[in-house]
>>> print(open('upload-v2.cif').read())   # mmCIF, C-alpha atoms
data_input
#
loop_
_atom_site.label_atom_id
_atom_site.label_comp_id
_atom_site.auth_asym_id
_atom_site.auth_seq_id
_atom_site.Cartn_x
_atom_site.Cartn_y
_atom_site.Cartn_z
CA MET A 1 -56.15 -11.06 86.83
CA ALA A 2 -56.86 -12.96 90.04
CA GLU A 3 -53.77 -14.29 91.82
CA THR A 4 -54.97 -17.88 91.50
CA GLN A 5 -55.20 -17.42 87.74
CA THR A 6 -51.70 -15.99 87.62
CA ILE A 7 -50.12 -18.85 89.55
CA SER A 8 -51.87 -21.40 87.37
CA ALA A 9 -50.78 -19.58 84.19
CA VAL A 10 -47.19 -19.64 85.45
CA GLN A 11 -47.42 -23.29 86.46
CA GLU A 12 -48.86 -24.16 83.08
CA ALA A 13 -45.97 -22.36 81.36
CA VAL A 14 -43.43 -24.18 83.56
CA VAL A 15 -45.02 -27.56 82.86
CA GLY A 16 -45.16 -26.85 79.14
CA ALA A 17 -41.61 -25.54 78.84
CA LEU A 18 -39.84 -28.01 81.12
CA GLY A 19 -41.93 -31.11 80.60
CA VAL A 20 -42.30 -31.58 84.37
CA SER A 21 -45.47 -32.76 86.09
CA GLU A 22 -47.95 -30.35 87.61
CA ASP A 23 -46.99 -31.60 91.06
CA GLU A 24 -43.36 -30.84 90.40
CA ALA A 25 -44.17 -27.30 89.30
CA ALA A 26 -45.33 -26.50 92.84
CA PRO A 27 -45.32 -22.85 93.93
CA ASP A 28 -42.34 -23.39 96.23
CA ALA A 29 -40.18 -25.18 93.64
CA THR A 30 -37.15 -23.19 92.52
CA LEU A 31 -37.01 -22.88 88.75
CA MET A 32 -33.33 -23.56 88.29
CA ASP A 33 -32.28 -25.79 91.18
CA ASP A 34 -35.41 -27.87 91.71
CA LEU A 35 -36.76 -27.92 88.18
CA GLY A 36 -33.49 -27.69 86.25
CA ALA A 37 -34.44 -24.73 84.07
CA GLU A 38 -31.68 -23.44 81.78
CA SER A 39 -31.62 -20.02 80.14
CA ILE A 40 -33.48 -21.26 77.05
CA ASP A 41 -36.14 -22.76 79.35
CA LEU A 42 -36.60 -19.42 81.11
CA LEU A 43 -37.04 -17.76 77.73
CA ASP A 44 -39.64 -20.35 76.78
CA ILE A 45 -41.47 -19.93 80.11
CA LEU A 46 -41.55 -16.14 79.73
CA PHE A 47 -42.89 -16.29 76.16
CA ARG A 48 -45.56 -18.79 77.24
CA ILE A 49 -46.58 -16.47 80.07
CA GLU A 50 -46.71 -13.52 77.68
CA ARG A 51 -48.98 -15.48 75.42
CA SER A 52 -51.40 -16.64 78.10
CA THR A 53 -51.48 -13.52 80.29
CA GLY A 54 -50.34 -10.71 78.00
CA VAL A 55 -47.66 -9.76 80.52
CA LYS A 56 -44.33 -9.25 78.84
CA ILE A 57 -41.22 -10.00 80.87
CA GLN A 58 -37.72 -10.10 79.40
CA ALA A 59 -35.22 -12.55 80.87
CA SER A 60 -33.04 -9.58 81.78
CA ASP A 61 -35.92 -8.13 83.83
CA LEU A 62 -35.63 -10.95 86.37
CA SER A 63 -32.39 -9.85 88.01
CA GLU A 64 -33.48 -6.21 87.84
CA TYR A 65 -36.69 -7.13 89.62
CA MET A 66 -34.85 -9.04 92.31
CA GLN A 67 -32.30 -6.25 92.81
CA GLY A 68 -35.10 -3.68 93.12
CA GLY A 69 -33.14 -0.75 91.71
CA ILE A 70 -30.34 -0.97 94.29
CA PRO A 71 -26.98 -0.13 92.63
CA ASP A 72 -24.60 -3.06 92.17
CA ASP A 73 -22.02 -1.74 94.65
CA GLU A 74 -24.65 -1.50 97.39
CA PHE A 75 -26.38 -4.77 96.54
CA SER A 76 -23.24 -6.83 97.01
CA ASP A 77 -19.70 -6.34 98.30
CA GLU A 78 -16.42 -6.44 96.36
CA ASN A 79 -16.51 -10.25 96.34
CA GLU A 80 -20.07 -10.14 95.02
CA ILE A 81 -21.50 -11.45 98.29
CA ILE A 82 -24.97 -10.00 98.83
CA SER A 83 -25.02 -7.17 101.38
CA GLU A 84 -27.44 -6.69 104.27
CA LYS A 85 -29.31 -4.14 102.19
CA GLY A 86 -29.40 -6.63 99.32
CA LEU A 87 -30.79 -9.36 101.57
CA GLU A 88 -33.53 -7.05 102.77
CA GLN A 89 -34.52 -6.38 99.17
CA LEU A 90 -34.43 -10.09 98.26
CA LYS A 91 -36.66 -10.89 101.23
CA LYS A 92 -39.27 -8.56 99.74
CA VAL A 93 -39.46 -10.37 96.41
CA MET A 94 -38.62 -13.84 97.74
CA PRO A 95 -40.25 -13.96 101.19
CA GLN A 96 -39.43 -17.67 101.56
CA ILE A 97 -35.67 -17.15 101.87
CA ASN A 98 -33.92 -17.59 105.21
CA GLU A 99 -31.70 -14.54 105.36
CA ASP A 100 -29.79 -15.82 108.41
CA GLU A 101 -28.60 -18.81 106.45
CA LEU A 102 -27.65 -16.72 103.45
CA ARG A 103 -25.94 -13.85 105.27
CA GLY A 104 -22.32 -13.51 104.22
CA THR A 105 -22.43 -16.50 101.88
CA LEU A 106 -24.88 -15.69 99.08
CA HIS A 107 -23.02 -14.94 95.87
CA ALA A 108 -24.74 -12.58 93.43
CA GLU A 109 -24.76 -15.17 90.64
CA ASN A 110 -26.63 -17.63 92.87
CA VAL A 111 -29.52 -15.30 93.64
CA ILE A 112 -31.50 -16.44 90.61
CA LYS A 113 -31.32 -20.02 91.87
CA LEU A 114 -33.58 -19.07 94.78
CA PHE A 115 -36.36 -17.85 92.48
CA THR A 116 -39.47 -20.01 92.74
CA VAL A 117 -42.57 -20.58 90.66
CA GLN A 118 -44.50 -18.47 93.20
CA ASN A 119 -41.93 -15.65 93.00
CA LEU A 120 -42.35 -15.57 89.24
CA ALA A 121 -46.13 -15.51 89.62
CA ASP A 122 -45.80 -12.56 92.03
CA MET A 123 -43.65 -10.78 89.47
CA VAL A 124 -46.17 -11.41 86.71
CA GLU A 125 -48.91 -10.15 89.01
CA GLN A 126 -46.97 -7.00 89.78
CA ARG A 127 -45.99 -6.36 86.16
CA GLY A 128 -49.46 -7.08 84.86
CA GLY A 129 -51.21 -4.75 87.28
CA SER A 130 -54.61 -3.88 86.00
CA ALA A 131 -53.58 -4.62 82.40
CA GLY A 132 -53.96 -8.34 82.94
CA SER A 133 -57.39 -8.22 84.51
CA MET B 1 -53.99 -22.13 48.73
CA LYS B 2 -51.76 -23.30 51.52
CA LEU B 3 -50.29 -19.96 52.57
CA GLU B 4 -53.55 -18.01 52.68
CA GLY B 5 -53.44 -15.53 55.56
CA LYS B 6 -49.67 -15.83 55.98
CA CYS B 7 -47.19 -12.99 55.56
CA ALA B 8 -43.72 -13.55 54.17
CA LEU B 9 -40.53 -11.53 53.90
CA VAL B 10 -38.09 -12.48 51.14
CA THR B 11 -34.72 -10.76 51.26
CA GLY B 12 -32.97 -9.89 48.03
CA ALA B 13 -36.20 -10.47 46.15
CA SER B 14 -35.80 -8.07 43.24
CA ARG B 15 -34.24 -10.72 41.01
CA GLY B 16 -33.00 -14.29 40.68
CA ILE B 17 -34.02 -16.93 43.19
CA GLY B 18 -35.41 -14.34 45.62
CA ARG B 19 -37.77 -12.99 42.99
CA ALA B 20 -38.96 -16.49 42.14
CA CYS B 21 -39.52 -17.22 45.83
CA ALA B 22 -41.59 -14.06 46.27
CA LEU B 23 -43.75 -15.01 43.28
CA ALA B 24 -44.12 -18.64 44.41
CA LEU B 25 -45.14 -17.72 47.96
CA ALA B 26 -47.61 -15.14 46.64
CA ALA B 27 -49.07 -17.69 44.22
CA GLU B 28 -49.80 -19.88 47.24
CA GLY B 29 -51.70 -17.04 48.92
CA ALA B 30 -49.06 -15.36 51.09
CA ALA B 31 -48.75 -11.58 51.31
CA VAL B 32 -45.13 -10.83 50.48
CA ALA B 33 -42.61 -8.16 51.46
CA VAL B 34 -40.14 -7.88 48.60
CA ASN B 35 -36.86 -6.70 50.08
CA TYR B 36 -34.21 -5.07 47.89
CA ARG B 37 -31.01 -3.11 48.46
CA SER B 38 -30.46 -1.25 45.18
CA GLY B 39 -32.93 -2.64 42.63
CA LYS B 40 -35.99 -0.55 43.47
CA ALA B 41 -37.43 -0.63 39.96
CA GLN B 42 -37.02 -4.41 39.76
CA ALA B 43 -38.54 -4.89 43.21
CA ASP B 44 -41.51 -2.74 42.20
CA GLU B 45 -41.94 -4.93 39.14
CA VAL B 46 -42.13 -8.01 41.35
CA VAL B 47 -44.73 -6.26 43.51
CA ASN B 48 -46.71 -5.29 40.40
CA GLU B 49 -46.60 -8.81 39.05
CA ILE B 50 -47.90 -10.23 42.32
CA GLU B 51 -50.64 -7.59 42.50
CA SER B 52 -51.69 -8.12 38.91
CA ASN B 53 -52.12 -11.81 39.74
CA GLY B 54 -54.48 -10.81 42.53
CA GLY B 55 -51.97 -11.11 45.37
CA LYS B 56 -50.70 -8.70 47.98
CA ALA B 57 -47.12 -7.42 48.07
CA VAL B 58 -45.04 -4.47 49.19
CA SER B 59 -41.43 -3.52 48.52
CA VAL B 60 -39.09 -2.89 51.45
CA GLU B 61 -35.70 -1.29 50.97
CA GLY B 62 -32.73 -2.21 53.15
CA ASP B 63 -29.29 -3.77 53.38
CA VAL B 64 -29.51 -7.00 55.38
CA SER B 65 -25.81 -6.92 56.21
CA GLU B 66 -26.56 -4.15 58.74
CA TYR B 67 -28.39 -5.30 61.85
CA GLU B 68 -30.27 -2.02 62.34
CA ALA B 69 -31.44 -2.18 58.73
CA ALA B 70 -32.58 -5.79 59.21
CA GLU B 71 -34.60 -4.73 62.25
CA ARG B 72 -36.23 -1.99 60.21
CA ILE B 73 -36.91 -4.32 57.28
CA VAL B 74 -38.67 -6.79 59.57
CA ALA B 75 -40.61 -4.05 61.39
CA GLU B 76 -41.69 -2.47 58.12
CA SER B 77 -42.79 -5.83 56.73
CA VAL B 78 -44.85 -6.58 59.84
CA GLU B 79 -46.42 -3.14 59.70
CA LYS B 80 -47.21 -3.09 55.99
CA LEU B 81 -48.41 -6.69 55.76
CA GLY B 82 -50.07 -6.84 59.16
CA GLY B 83 -47.93 -9.71 60.44
CA LEU B 84 -45.04 -12.03 59.65
CA HIS B 85 -44.94 -15.83 59.53
CA ILE B 86 -42.36 -16.70 56.90
CA LEU B 87 -38.81 -15.42 56.44
CA VAL B 88 -36.80 -16.38 53.37
CA ASN B 89 -33.18 -15.36 53.83
CA ASN B 90 -32.08 -15.16 50.25
CA ALA B 91 -29.97 -12.01 49.79
CA GLY B 92 -26.49 -12.93 48.67
CA ILE B 93 -23.44 -11.75 46.76
CA SER B 94 -20.35 -13.37 45.31
CA ARG B 95 -16.77 -12.14 44.90
CA ASP B 96 -15.14 -15.07 43.16
CA ALA B 97 -11.36 -15.20 43.25
CA LEU B 98 -8.52 -17.58 43.88
CA ILE B 99 -7.45 -17.46 47.50
CA PHE B 100 -4.00 -16.43 46.35
CA ASN B 101 -5.47 -13.32 44.75
CA MET B 102 -8.32 -12.67 47.13
CA GLU B 103 -8.49 -9.39 49.01
CA PRO B 104 -9.46 -9.58 52.68
CA THR B 105 -12.50 -7.44 51.90
CA ASP B 106 -13.63 -10.08 49.37
CA TRP B 107 -14.35 -12.65 52.05
CA LEU B 108 -15.58 -10.15 54.59
CA ASP B 109 -18.10 -8.54 52.24
CA VAL B 110 -19.43 -11.93 51.18
CA MET B 111 -19.66 -13.09 54.78
CA ARG B 112 -21.35 -9.91 55.93
CA VAL B 113 -24.10 -10.12 53.32
CA ASN B 114 -24.58 -13.88 52.96
CA PHE B 115 -24.18 -15.10 56.51
CA GLY B 116 -24.62 -11.73 58.25
CA GLY B 117 -27.89 -11.21 56.42
CA VAL B 118 -29.19 -14.59 57.60
CA PHE B 119 -28.16 -13.91 61.19
CA ASN B 120 -29.48 -10.34 61.25
CA CYS B 121 -32.89 -11.04 59.74
CA THR B 122 -33.38 -14.21 61.77
CA LYS B 123 -32.62 -12.42 65.02
CA ALA B 124 -34.75 -9.45 64.01
CA ALA B 125 -37.75 -11.72 63.32
CA LEU B 126 -37.55 -13.72 66.53
CA GLN B 127 -39.51 -11.42 68.82
CA GLN B 128 -42.46 -11.66 66.44
CA PHE B 129 -42.10 -15.39 65.76
CA MET B 130 -41.53 -16.37 69.40
CA SER B 131 -44.40 -14.26 70.70
CA GLN B 132 -46.84 -15.87 68.28
CA ARG B 133 -45.12 -19.29 68.63
CA GLU B 134 -45.19 -19.63 64.88
CA GLY B 135 -42.71 -19.01 62.13
CA THR B 136 -40.83 -20.69 59.32
CA ILE B 137 -37.42 -19.63 58.17
CA VAL B 138 -35.91 -20.82 54.91
CA ASN B 139 -32.28 -19.99 54.26
CA ILE B 140 -31.01 -20.02 50.71
CA SER B 141 -27.69 -21.77 51.01
CA SER B 142 -25.78 -23.54 48.25
CA MET B 143 -24.22 -26.86 47.39
CA MET B 144 -21.01 -24.84 47.57
CA GLY B 145 -21.49 -24.92 51.34
CA LEU B 146 -20.99 -28.69 51.29
CA ARG B 147 -18.40 -29.18 48.56
CA GLY B 148 -15.38 -27.38 47.14
CA TRP B 149 -15.04 -25.42 43.91
CA THR B 150 -12.17 -23.36 42.54
CA GLY B 151 -12.57 -19.64 43.17
CA GLU B 152 -15.46 -20.06 45.58
CA SER B 153 -13.70 -20.25 48.95
CA ASN B 154 -15.31 -17.11 50.39
CA TYR B 155 -18.76 -17.85 48.99
CA ALA B 156 -18.58 -21.52 50.05
CA ALA B 157 -17.48 -20.55 53.55
CA SER B 158 -20.41 -18.13 53.87
CA LYS B 159 -22.83 -20.86 52.78
CA GLY B 160 -21.20 -23.40 55.09
CA ALA B 161 -21.78 -20.92 57.89
CA ILE B 162 -25.44 -20.67 56.85
CA ASN B 163 -25.73 -24.48 56.99
CA ALA B 164 -24.28 -24.63 60.51
CA PHE B 165 -26.45 -21.72 61.62
CA THR B 166 -29.54 -23.39 60.14
CA ARG B 167 -28.96 -26.49 62.26
CA CYS B 168 -28.31 -24.56 65.47
CA ALA B 169 -31.24 -22.20 64.95
CA ALA B 170 -33.49 -25.20 64.26
CA VAL B 171 -32.45 -26.79 67.57
CA GLU B 172 -32.85 -23.59 69.60
CA LEU B 173 -36.12 -22.46 68.08
CA ALA B 174 -38.06 -25.72 67.66
CA ARG B 175 -39.65 -25.43 71.08
CA PHE B 176 -40.92 -21.96 70.18
CA GLY B 177 -42.85 -23.30 67.21
CA ILE B 178 -40.31 -22.02 64.71
CA ARG B 179 -38.87 -24.24 61.96
CA VAL B 180 -35.60 -23.42 60.23
CA ASN B 181 -34.52 -25.18 57.05
CA ALA B 182 -32.25 -24.45 54.12
CA ALA B 183 -32.47 -25.00 50.39
CA LEU B 184 -29.14 -25.74 48.71
CA PRO B 185 -29.27 -24.99 45.00
CA GLY B 186 -26.63 -26.53 42.79
CA PHE B 187 -26.23 -24.45 39.67
CA ALA B 188 -29.02 -22.03 38.80
CA PRO B 189 -28.23 -19.59 36.01
CA THR B 190 -28.81 -16.27 37.80
CA ASP B 191 -26.77 -13.06 37.69
CA LEU B 192 -24.90 -14.30 40.75
CA VAL B 193 -23.22 -17.23 39.03
CA GLN B 194 -22.75 -15.59 35.66
CA GLY B 195 -18.98 -15.83 36.00
CA LEU B 196 -19.14 -19.61 36.24
CA LEU B 197 -21.13 -19.87 33.02
CA GLU B 198 -19.01 -17.45 31.01
CA LYS B 199 -16.41 -19.92 29.85
CA ASP B 200 -18.43 -22.10 27.47
CA GLY B 201 -21.99 -21.18 28.28
CA GLY B 202 -21.78 -23.60 31.17
CA LYS B 203 -21.34 -26.73 29.06
CA GLY B 204 -18.43 -27.94 31.16
CA ILE B 205 -20.63 -27.73 34.24
CA LEU B 206 -23.72 -29.27 32.62
CA LYS B 207 -21.73 -32.42 31.82
CA GLN B 208 -21.16 -32.86 35.54
CA ILE B 209 -24.84 -32.62 36.49
CA PRO B 210 -26.64 -36.00 36.35
CA MET B 211 -29.90 -34.32 35.26
CA ARG B 212 -27.97 -32.43 32.54
CA THR B 213 -29.87 -29.18 33.14
CA PHE B 214 -29.36 -26.20 35.38
CA ALA B 215 -31.92 -25.56 38.10
CA SER B 216 -34.52 -23.02 37.09
CA VAL B 217 -35.17 -20.42 39.75
CA GLU B 218 -38.76 -21.70 39.87
CA GLU B 219 -37.51 -25.18 40.77
CA VAL B 220 -35.58 -23.74 43.69
CA ALA B 221 -38.55 -21.59 44.69
CA GLY B 222 -40.80 -24.66 44.67
CA VAL B 223 -38.66 -26.27 47.37
CA VAL B 224 -38.61 -23.01 49.33
CA ARG B 225 -42.40 -22.80 49.18
CA PHE B 226 -42.60 -26.38 50.48
CA LEU B 227 -40.17 -25.63 53.34
CA ALA B 228 -42.05 -22.43 54.19
CA GLY B 229 -45.47 -24.05 54.26
CA PRO B 230 -47.51 -26.63 56.15
CA ASP B 231 -46.47 -29.63 54.04
CA SER B 232 -43.05 -29.61 55.73
CA SER B 233 -44.50 -29.18 59.23
CA TYR B 234 -42.32 -31.91 60.78
CA MET B 235 -39.08 -30.78 59.11
CA THR B 236 -36.54 -28.58 60.80
CA GLY B 237 -32.77 -28.25 60.48
CA ALA B 238 -32.89 -29.89 57.06
CA LEU B 239 -30.43 -28.94 54.34
CA VAL B 240 -32.38 -29.78 51.22
CA GLU B 241 -30.27 -30.24 48.10
CA VAL B 242 -31.83 -28.82 44.92
CA ASP B 243 -29.01 -29.74 42.62
CA GLY B 244 -30.03 -32.13 39.85
CA GLY B 245 -28.01 -34.83 41.57
CA VAL B 246 -24.65 -33.09 41.43
CA GLY B 247 -23.89 -33.59 45.12
CA THR B 248 -24.75 -37.23 45.15
CA MET B 249 -21.92 -38.39 42.89
CA LEU B 250 -18.45 -39.66 43.57
CA GLY B 251 -16.36 -37.54 41.24
CA VAL B 252 -18.39 -37.10 38.07
CA GLY B 253 -20.09 -40.45 38.52
CA ALA B 254 -18.34 -42.21 35.64
CA PRO B 255 -14.90 -42.41 33.98
CA LEU B 256 -14.14 -39.21 32.06
#
>>> encode(input="upload-v2.cif", output="structure tokens")
Amino acid sequence: MAETQTISAVQEAVVGALGVSEDEAAPDATLMDDLGAESIDLLDILFRIERSTGVKIQASDLSEYMQGGIPDDEFSDENEIISEKGLEQLKKVMPQINEDELRGTLHAENVIKLFTVQNLADMVEQRGGSAGS
Amino acid sequence: MKLEGKCALVTGASRGIGRACALALAAEGAAVAVNYRSGKAQADEVVNEIESNGGKAVSVEGDVSEYEAAERIVAESVEKLGGLHILVNNAGISRDALIFNMEPTDWLDVMRVNFGGVFNCTKAALQQFMSQREGTIVNISSMMGLRGWTGESNYAASKGAINAFTRCAAVELARFGIRVNAALPGFAPTDLVQGLLEKDGGKGILKQIPMRTFASVEEVAGVVRFLAGPDSSYMTGALVEVDGGVGTMLGVGAPL
């Protein structure tokens, strides 16, 4: 599937699930903070994406994807603040983040709040691989 | 036929209301999975009856009170029927007793089958229903879930739980194209309520029912078929009373 098709499929799912306008569902909008998605909304978005693209993503896959296989104790410290190694990984899947601003302050439970419409489209693209094309 | 091309799973369908639901859905064109726990011969009879009427049906064994079994029942139904669009959560038991005499296992067993079965099968069907953004769930509750009756505390509590679950599931699942409703029979003379009718053939109960008749299982199944099909497309979270008017009265509706 072409990347432009993927981003529009994700935007369409976001618009449908959240009832926001197409302009609001911009690629750089964060799903939770900007668009107010709750867990049930994420579930709805993921099922809509599955239906339109055939790419199946479970809600639990999101954090796994962001963490990139790094063990919990290396991804964040004992206070659950994301480590340097963790930030490097997050930068790979969320290139828009400013790691200097987040260094030493980003709590593990807030990572998902940085996830944007574009980041989700990238994930769909990666998960779909050739299967979606 | 309004359910042509649809596939339905009815739990506890070897007898009583479940059996009538399986037959009613099949008569409307649905392919039906007839679930049973112990009544294989009776379930096979239901399947034969549907097939001899030109319909499609399969029997599926399993105890809905176990989540793993519920998952298997749903998977088997999908596989054998080629899909699933309708789930009728009917399987139920009763262990009537006064609270004073009731054993802890009496309420737990009833809760595990009646409410647990609804929870387990609903959850097990969601992946299928949510992926296809289509599904109707009809829970067989009871008027006992709304009102009190001597000796029915455990059964009534399990049905009250089903009512609450029906509402919550309806709210959560509406956006996924899934409707969840419940039918609440009053008194239908099935094996399950035999104890209630023992005393005087049920005369003492009949006098309290405005329509002066018990519900036939077909009358309950007719409402279930409506809730499962396209005619109720804008209904969800409804608790539909099928009770001959018994729940509508204050007391017995007149001086005794």
>>> interface_residues(input="upload-v2.cif", of="chain A", to="chain B", cutoff="7 Å", atoms="only C-alpha atoms", output="PyMOL selection string")
chain A and resi 44+47+51
>>> residues_around(input="upload-v2.cif", residues="Asn110 of chain A", least_positions_apart="4", cutoff="12 Å", atoms="all atoms listed in the file", output="PyMOL selection string")
chain A and resi 30+32-33+63+66+80-82+102+105-106+114-115
>>> closest_residue(input="upload-v2.cif", among="A:Val117, A:Thr6, A:Asp41, A:Tyr65", to="Glu22 of chain A", atoms="only C-alpha atoms")
A:Val117
>>> atom_distance(input="upload-v2.cif", atom1="atom CA of Val88 of chain B", atom2="atom CA of Ala182 of chain B")
9.3 Å
>>> resolve_selection(input="upload-v2.cif", expression="the PyMOL selection byres ((chain B and resi 136) around 6)", output="PyMOL selection string")
chain B and resi 86+135+137+178-180+228
>>> resolve_selection(input="upload-v2.cif", expression="the PyMOL selection byres ((chain B and resi 119) around 10)", output="list in words")
Val64, Ser65, Tyr67, Ala70, Asn89, Arg112, Val113, Asn114, Phe115, Gly116, Gly117, Val118, Asn120, Cys121, Thr122, Lys123, Ala124, Ile162, Phe165, Thr166 and Ala169 of chain B
>>> residues_around(input="upload-v2.cif", residues="Ala183 of chain B", least_positions_apart="5", cutoff="6 Å", atoms="only C-alpha atoms", output="PyMOL selection string")
chain B and resi 140-141+239-240
>>> resolve_selection(input="upload-v2.cif", expression="the PyMOL selection byres ((chain B and resi 73) around 10)", output="PyMOL selection string")
chain B and resi 9+11+33-36+59-64+67-72+74-79+121+124-125
>>> closest_residue(input="upload-v2.cif", among="A:Glu12, A:Asp34, A:Glu99, A:Glu109", to="Leu46 of chain A", atoms="only C-alpha atoms")
A:Glu12
>>> residues_around(input="upload-v2.cif", residues="Ile17 of chain B", least_positions_apart="5", cutoff="9 Å", atoms="only C-alpha atoms", output="number ranges by chain")
B: 12, 22, 90, 140, 188, 190, 216-218, 220-221
>>> write_last_selection(input="upload-v2.cif", atoms="C-alpha atoms", output="mmCIF file, in the frame of the given file")
data_model
loop_
_atom_site.group_PDB
_atom_site.id
_atom_site.type_symbol
_atom_site.label_atom_id
_atom_site.label_comp_id
_atom_site.auth_asym_id
_atom_site.auth_seq_id
_atom_site.Cartn_x
_atom_site.Cartn_y
_atom_site.Cartn_z
ATOM 1 C CA GLY B 12 -32.970 -9.890 48.030
ATOM 2 C CA ALA B 22 -41.590 -14.060 46.270
ATOM 3 C CA ASN B 90 -32.080 -15.160 50.250
ATOM 4 C CA ILE B 140 -31.010 -20.020 50.710
ATOM 5 C CA ALA B 188 -29.020 -22.030 38.800
ATOM 6 C CA THR B 190 -28.810 -16.270 37.800
ATOM 7 C CA SER B 216 -34.520 -23.020 37.090
ATOM 8 C CA VAL B 217 -35.170 -20.420 39.750
ATOM 9 C CA GLU B 218 -38.760 -21.700 39.870
ATOM 10 C CA VAL B 220 -35.580 -23.740 43.690
ATOM 11 C CA ALA B 221 -38.550 -21.590 44.690
#
>>> atom_distance(input="upload-v2.cif", atom1="atom CA of Met211 of chain B", atom2="atom CA of Trp149 of chain B")
19.4 Å
>>> atom_distance(input="upload-v2.cif", atom1="atom CA of Ile57 of chain A", atom2="atom CA of Val15 of chain A")
18.1 Å
>>> residues_around(input="upload-v2.cif", residues="Ala26 of chain B", least_positions_apart="6", cutoff="7 Å", atoms="all atoms listed in the file", output="PyMOL selection string")
chain B and resi 32+50+55
>>> residues_near_point(input="upload-v2.cif", point="(-18.8, -17.0, 38.2)", cutoff="10 Å", atoms="only C-alpha atoms", output="JSON list (two decimals) with C-alpha atoms, keeping the file's coordinate frame")
[["chain", "number", "residue", "atom", "x", "y", "z"],
["B", 94, "SER", "CA", -20.35, -13.37, 45.31],
["B", 95, "ARG", "CA", -16.77, -12.14, 44.90],
["B", 96, "ASP", "CA", -15.14, -15.07, 43.16],
["B", 97, "ALA", "CA", -11.36, -15.20, 43.25],
["B", 151, "GLY", "CA", -12.57, -19.64, 43.17],
["B", 152, "GLU", "CA", -15.46, -20.06, 45.58],
["B", 191, "ASP", "CA", -26.77, -13.06, 37.69],
["B", 192, "LEU", "CA", -24.90, -14.30, 40.75],
["B", 193, "VAL", "CA", -23.22, -17.23, 39.03],
["B", 194, "GLN", "CA", -22.75, -15.59, 35.66],
["B", 195, "GLY", "CA", -18.98, -15.83, 36.00],
["B", 196, "LEU", "CA", -19.14, -19.61, 36.24],
["B", 197, "LEU", "CA", -21.13, -19.87, 33.02],
["B", 198, "GLU", "CA", -19.01, -17.45, 31.01],
["B", 199, "LYS", "CA", -16.41, -19.92, 29.85]]
>>> closest_residue(input="upload-v2.cif", among="A:Gln89, A:Gln118, A:Ser21, A:Asn98", to="Ser76 of chain A", atoms="all atoms listed in the file")
A:Gln89
